[in-house]
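> Let me give you the structure first, and then I'll get to my questions.
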Amino acid sequence: VIFLLLLIALPLGTWWMIQGSTATESKGAFLEQIQDLNELSTAEAFSKVIIEREDNKVFGQDIGLDLPGTKRQILVVIPGSVRAGVDFSELTENDIELDEEAKTATLSLPKADFLGGPELFMDKAEIYTYEGLFSGGSDISEAFELADEAKQMILEETRGQGVLELAEENAAQSVRSMFNLVDYDVTVEFEE
């Protein structure tokens, strides 16, 4: 008799434990799964920036006059890329509204942003220079300055191309697909 009771009680007890989850537990589970993504990179843009400089130097010192043999012209073409996406680590339970009965969810995600900064492909950079006899050449600090300028130019250019908007569209689509796996209809909003 005891064996028969255990045989019936064990499957029923297991079923009760599985079915006994509350909306709060589900919300917490969804939040944990989304936060585990950390950052979702949903768009990447490739670009080339052109930096042009001209100065007059004598043995590396700027003289401010256009004297013969002191003019230096530099043209640098630097390719690079930048990734954009959504940082899910900032989500809280207040950003998720679940309706278990209707199987709907509303998520309020942070705005898309650039992730990790631009990457420059210096091995593919093209440098064209014309240096006068007394100009004194370039130094390493100028190379770092050009790289910083190139990174800023890539960010500005890709922002103007709508990469952040594309990243938000792709993030919303990815989150909807993830929730479709558990048969939820999802509405995704982005914070202002």
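Chain lettering (A, B, ...) mirrors the order of the structure tokens, residue numbering begins at 1 for each chain separately, and ligand numbering begins at 1 in order of display.
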Taking the DSSP assignment computed from this structure's backbone, write out as a list in words all residues of region 98-178 of chain A that belong to strand (DSSP E).
Leu98, Asp99, Thr104, Ala105, Thr106, Leu107, Ser108, Leu109, Asp113, Phe114, Leu115, Gly116, Gly117, Pro118, Glu119, Leu120, Glu126, Ile127, Tyr128, Thr129, Tyr130 and Glu131 of chain A
> Please tabulate, as a tab-separated table, the residues of region 105-185 of chain A that come within 6 Å of region 81-91 of chain A, each with its closest pair of atoms and the distance in Å to one decimal, counting only C-alpha atoms and ordering rows by chain, then residue number upward.

residue	atom	partner	partner_atom	distance
A:Ala112	CA	A:Val86	CA	4.7
A:Asp113	CA	A:Ala84	CA	5.5
A:Phe114	CA	A:Ala84	CA	4.2
A:Leu115	CA	A:Ala84	CA	5.3
A:Pro118	CA	A:Val82	CA	4.4
A:Glu119	CA	A:Ser81	CA	5.3
A:Ala167	CA	A:Gly85	CA	5.2
> I need the residue nearest Phe121 (chain A) from this list: A:Phe190, A:Val163, A:Ile74, A:Ile154. Use only C-alpha atoms for the distance.
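Of A:Phe190, A:Val163, A:Ile74, A:Ile154, the one nearest Phe121 (chain A), counting only C-alpha atoms, is A:Ile154.
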> Just list the residues in region 62-179 of chain A DSSP gives helix (DSSP H, G or I) on the backbone, as a count of residues only.
47
> Can you tell me how far CA of Thr158 (chain A) sits from CA of Leu40 (chain A), in Å to one decimal?
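Between CA of Thr158 (chain A) and CA of Leu40 (chain A) the gap works out to 18.0 Å.
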> Just give me the gap between CA of Ser41 (chain A) and CA of Ser177 (chain A) in Å, one decimal is fine.
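Separation between CA of Ser41 (chain A) and CA of Ser177 (chain A): 15.4 Å.
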> With a distance cut-off of 12 Å and only C-alpha atoms, select the neighbouring residues of Asp148 (chain A), excluding the residue or stretch itself and same-chain residues fewer than 4 positions from it, and output the selection as a list of chain:residue names.
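Here the qualifying residues turn out to be A:Val49, A:Ile51, A:Ile78, A:Gly117, A:Pro118, A:Glu119, A:Leu120, A:Ser141, A:Glu142, A:Ala143, A:Phe144, A:Gln152, A:Met153, A:Ile154, A:Leu155.
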> Compile the contact shell of Ser108 (chain A) as a list in words: residues with an atom at most 7 Å away, counting only C-alpha atoms, same-chain residues fewer than 6 positions apart removed.
Asp95, Ile96, Val188, Glu189, Phe190 and Glu191 of chain A
> Can you work out which one of A:Asn94, A:Thr42, A:Thr129, A:Thr104 has the shortest atom-to-atom distance to Leu75 (chain A), counting only C-alpha atoms?
A:Thr129
> Find, counting only C-alpha atoms, the residue in A:Val76, A:Ala45, A:Leu109, A:Leu98 that gets nearest to Glu168 (chain A).
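Closest to Glu168 (chain A) of all the choices is A:Leu109.
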